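Q: The structure's right below; bear with me while I get my questions together.
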Amino acid sequence: MLLQAFTRLLDGHCTPAFVRACAADPGRAQPLADEIEQAGFHALLLPEADGGAGLPLAGLVPFLIAAGERLAPVPFGETALRRAGYAQLPLPARAALRAAGMAGMAAHVLAMTIAHVTTRQQFGRPLAAFQAIQQQLALMAEDVAAATLAAHIGFGGPGFTPERSAAAKLRANEAAVRIIAIAHQLHGAIGATNEFDLQLWTGALSAARLADGGESHWAAVLARHRLSAAPADSAAYIRTHLQPGDAA
């Protein structure tokens, strides 16, 4: 119910025109930020006794993904964490937040691409009818699923750890590279035009990939932790250190 209410609120504001307007003038996003505050969504992680929803840290992930899907031009996640007592947001926390938003952006790019190849005709058939296109869509869907799982790993503990954030941001970055490439390949030249909305999402996804640590940084963080931590078996290491959190 809370997530549905949150998405309805975002959908009432976050049109492509609104996203463009806020990029030109960030002050245009203030009414949305005010509505999120008034509706109590910044207090999702606070105990019910303090006026919050009492969600665990992992419970924030679906809301972050929803905000990423809509390119919500407000610092929703940062504000919610600070309201819950995270006065400072170190790099692992920022990277986990970024990865969750990227999972939402990636999901939207996939949805746009599916819609495009379903309606676009070539040789009297929709593009989606061709096996090569279906294979590309399958790769995109695989990456979206992996990025979503990685986002839940980033929020899987009682707090943020370098290894969880490394797994989340590294996988989100890797997914972004392939998703952007395939989306623009399947859209053709129209996908890069200012008039077409795809570039809003792929541009945001590219910027998010470069922010808060790139692939090489987080790969090194994760590798160092893997080499120094027990157990020696990699599957057991994943079960011990990289389990996704329960959003319930």
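Labels used: A, B, ... for chains in the order of the structure tokens, numbers from 1 for residues in each chain, and numbers from 1 for ligands as shown.
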Sorted by chain and rising residue number, list the residues of stretch 56-100 of chain A at most 12 Å from stretch 3-18 of chain A (counting only C-alpha atoms), each with its closest atom pair and distance in Å to one decimal, as CSV.

A:
```
residue,atom,partner,partner_atom,distance
A:Gly59,CA,A:Leu3,CA,10.0
A:Leu60,CA,A:Leu3,CA,9.7
A:Val61,CA,A:Leu3,CA,10.4
A:Pro62,CA,A:Leu3,CA,7.4
A:Phe63,CA,A:Leu3,CA,6.4
A:Leu64,CA,A:Leu3,CA,10.2
A:Ile65,CA,A:Thr7,CA,10.2
A:Ala66,CA,A:Thr7,CA,6.5
A:Ala67,CA,A:Leu10,CA,7.4
A:Gly68,CA,A:Leu10,CA,10.5
A:Glu69,CA,A:Cys14,CA,9.8
A:Arg70,CA,A:Cys14,CA,6.0
A:Leu71,CA,A:Cys14,CA,7.1
A:Ala72,CA,A:Cys14,CA,6.1
A:Pro73,CA,A:Cys14,CA,8.2
A:Val74,CA,A:Cys14,CA,10.5
A:Phe76,CA,A:Leu10,CA,11.1
```

Q: Would you list the contacts of A:Thr202 as a ChimeraX atom specification, taking every protein, DNA or RNA residue within 9 Å and counting only C-alpha atoms, but skipping same-chain residues closer than 3 positions in sequence?

A: /A:105-106,109,176,179-180,183-184,198-199,205-207

Q: Run DSSP on the backbone and tell me which residues of stretch 36-224 of chain A come out as alpha helix (DSSP H); list them as a PyMOL selection string.

A: chain A and resi 36-38+61-69+76-83+91-119+131-154+162-187+198-210+215-224

Q: Just to confirm, what's the straight-line distance from atom CA of A:Pro31 to atom CA of A:Met102 in Å (one decimal)?

A: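 Straight-line distance from atom CA of A:Pro31 to atom CA of A:Met102 works out to 23.6 Å.
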
Q: Stretch 114-117 of chain A: which residues within 8 Å, counting only C-alpha atoms, same-chain residues fewer than 2 positions away excluded, as an mmCIF file with N, CA, C and O atoms, in the first residue's frame?

A:
```
data_model
loop_
_atom_site.group_PDB
_atom_site.id
_atom_site.type_symbol
_atom_site.label_atom_id
_atom_site.label_comp_id
_atom_site.auth_asym_id
_atom_site.auth_seq_id
_atom_site.Cartn_x
_atom_site.Cartn_y
_atom_site.Cartn_z
ATOM 1 N N LEU A 110 14.391 -0.743 -20.189
ATOM 2 C CA LEU A 110 13.926 -2.012 -20.756
ATOM 3 C C LEU A 110 12.471 -1.897 -21.195
ATOM 4 O O LEU A 110 12.114 -2.342 -22.312
ATOM 5 N N ALA A 111 11.627 -1.310 -20.367
ATOM 6 C CA ALA A 111 10.209 -1.170 -20.721
ATOM 7 C C ALA A 111 10.038 -0.319 -21.975
ATOM 8 O O ALA A 111 9.222 -0.641 -22.855
ATOM 9 N N MET A 112 10.805 0.766 -22.080
ATOM 10 C CA MET A 112 10.724 1.603 -23.272
ATOM 11 C C MET A 112 11.168 0.841 -24.520
ATOM 12 O O MET A 112 10.578 0.981 -25.594
ATOM 13 N N THR A 119 6.060 -2.143 -31.341
ATOM 14 C CA THR A 119 5.253 -1.328 -32.261
ATOM 15 C C THR A 119 5.969 -1.013 -33.569
ATOM 16 O O THR A 119 5.314 -0.753 -34.582
ATOM 17 N N ARG A 120 7.291 -1.015 -33.566
ATOM 18 C CA ARG A 120 8.058 -0.674 -34.763
ATOM 19 C C ARG A 120 8.030 -1.829 -35.763
ATOM 20 O O ARG A 120 8.339 -2.970 -35.409
ATOM 21 N N GLN A 121 7.668 -1.553 -36.989
ATOM 22 C CA GLN A 121 7.549 -2.578 -38.027
ATOM 23 C C GLN A 121 8.781 -2.582 -38.936
ATOM 24 O O GLN A 121 9.342 -1.533 -39.247
ATOM 25 N N PRO A 126 6.614 -6.793 -36.577
ATOM 26 C CA PRO A 126 7.206 -6.023 -35.482
ATOM 27 C C PRO A 126 8.660 -6.451 -35.265
ATOM 28 O O PRO A 126 9.003 -7.635 -35.437
ATOM 29 N N LEU A 127 9.501 -5.525 -34.876
ATOM 30 C CA LEU A 127 10.896 -5.874 -34.595
ATOM 31 C C LEU A 127 10.993 -6.981 -33.549
ATOM 32 O O LEU A 127 11.892 -7.828 -33.600
ATOM 33 N N ALA A 128 10.066 -6.975 -32.599
ATOM 34 C CA ALA A 128 10.098 -7.970 -31.524
ATOM 35 C C ALA A 128 9.876 -9.384 -32.027
ATOM 36 O O ALA A 128 10.131 -10.351 -31.296
ATOM 37 N N LEU A 137 16.764 -8.422 -26.077
ATOM 38 C CA LEU A 137 15.861 -8.095 -24.976
ATOM 39 C C LEU A 137 16.106 -9.009 -23.780
ATOM 40 O O LEU A 137 16.028 -8.566 -22.614
ATOM 41 N N LEU A 186 18.684 -0.876 -30.537
ATOM 42 C CA LEU A 186 17.359 -1.285 -30.971
ATOM 43 C C LEU A 186 16.457 -0.092 -31.308
ATOM 44 O O LEU A 186 15.520 -0.239 -32.095
ATOM 45 N N HIS A 187 16.717 1.047 -30.712
ATOM 46 C CA HIS A 187 15.930 2.237 -31.058
ATOM 47 C C HIS A 187 16.435 2.911 -32.332
ATOM 48 O O HIS A 187 15.684 3.661 -32.969
#
```

Q: Any chance you could list, as a PyMOL selection string, the residues in stretch 12-206 of chain A that come up strand (DSSP E or B) when DSSP is run on the backbone?

A: chain A and resi 121-122+125-126

Q: Selected residues, C-alpha atoms, written as a tab-separated table (two decimals), in the first residue's frame, please.

A:
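Listing of part_38.tsv after writing:
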```tsv
chain	number	residue	atom	x	y	z
A	121	GLN	CA	7.55	-2.58	-38.03
A	122	GLN	CA	10.26	-3.93	-40.31
A	125	ARG	CA	6.60	-7.60	-38.89
A	126	PRO	CA	7.21	-6.02	-35.48
```

Q: Quick one: pull the distance between atom CA of A:Ser165 and atom CA of A:Ala232, Å, one decimal.

A: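 Between these atoms lies a distance of 20.6 Å.
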
Q: Between A:Leu2, A:His42, A:Leu242, A:Ser234, which one has atoms that come closest to A:Ala150, using only C-alpha atoms?

A: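 Using only C-alpha atoms, A:Ala150 sits closest to A:Leu242.
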
Q: To one decimal place, how far is atom CA of A:Leu81 from atom CA of A:Ala151 in Å?

A: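 A separation of 15.5 Å between them.
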
Q: Applying 6 Å and only C-alpha atoms, which residues near stretch 152-154 of chain A remain after dropping the ones on its own chain fewer than 2 positions away? List them as a VMD selection string.

A: chain A and resid 96 149 to 150 156 164 to 165 168 242 to 245

Q: May I have the residues from that selection written out with C-alpha atoms, as a PDB file, in the first residue's frame?

A:
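Result written to selection_17.pdb:
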```pdb
ATOM      1  CA  ALA A  96      24.155   1.650  -2.452  1.00  0.00           C
ATOM      2  CA  LEU A 149      19.042  -8.121  -6.879  1.00  0.00           C
ATOM      3  CA  ALA A 150      22.295  -6.210  -6.415  1.00  0.00           C
ATOM      4  CA  GLY A 156      21.040  -6.312   2.992  1.00  0.00           C
ATOM      5  CA  ARG A 164      27.758  -5.013  -0.037  1.00  0.00           C
ATOM      6  CA  SER A 165      27.946  -1.592  -1.638  1.00  0.00           C
ATOM      7  CA  ALA A 168      25.645  -3.463  -5.678  1.00  0.00           C
ATOM      8  CA  LEU A 242      26.235 -10.811   0.266  1.00  0.00           C
ATOM      9  CA  GLN A 243      22.710 -11.891   1.025  1.00  0.00           C
ATOM     10  CA  PRO A 244      19.909  -9.537  -0.080  1.00  0.00           C
ATOM     11  CA  GLY A 245      17.831  -7.955   2.621  1.00  0.00           C
TER      12      GLY A 245
END
```

Q: Restricting the calculation to only C-alpha atoms, which member of A:Ala107, A:Ile133, A:Cys22, A:Ala49 is positioned closest to A:Thr148?

A: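 For A:Thr148, the nearest of the given residues is A:Ala107.
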
Q: Using only C-alpha atoms, which of A:Ala129, A:Trp201, A:Ser216, A:Leu46 sits nearest A:Gly104?

A: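 For A:Gly104, the nearest of the given residues is A:Trp201.
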
Q: When distances are computed from only C-alpha atoms, which of A:Glu37, A:Asp233, A:Glu142, A:Glu78 shows the smallest separation from A:Pro90?

A: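 Distance minimum relative to A:Pro90 lands on A:Glu78.
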
Q: For each of A:Ala235, A:Leu139, A:Ala95, A:Leu57, take the minimum atom-to-atom distance to A:Asn173, counting only C-alpha atoms, then give the residue where this is smallest.

A: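 Counting only C-alpha atoms, the residue closest to A:Asn173 is A:Ala95.
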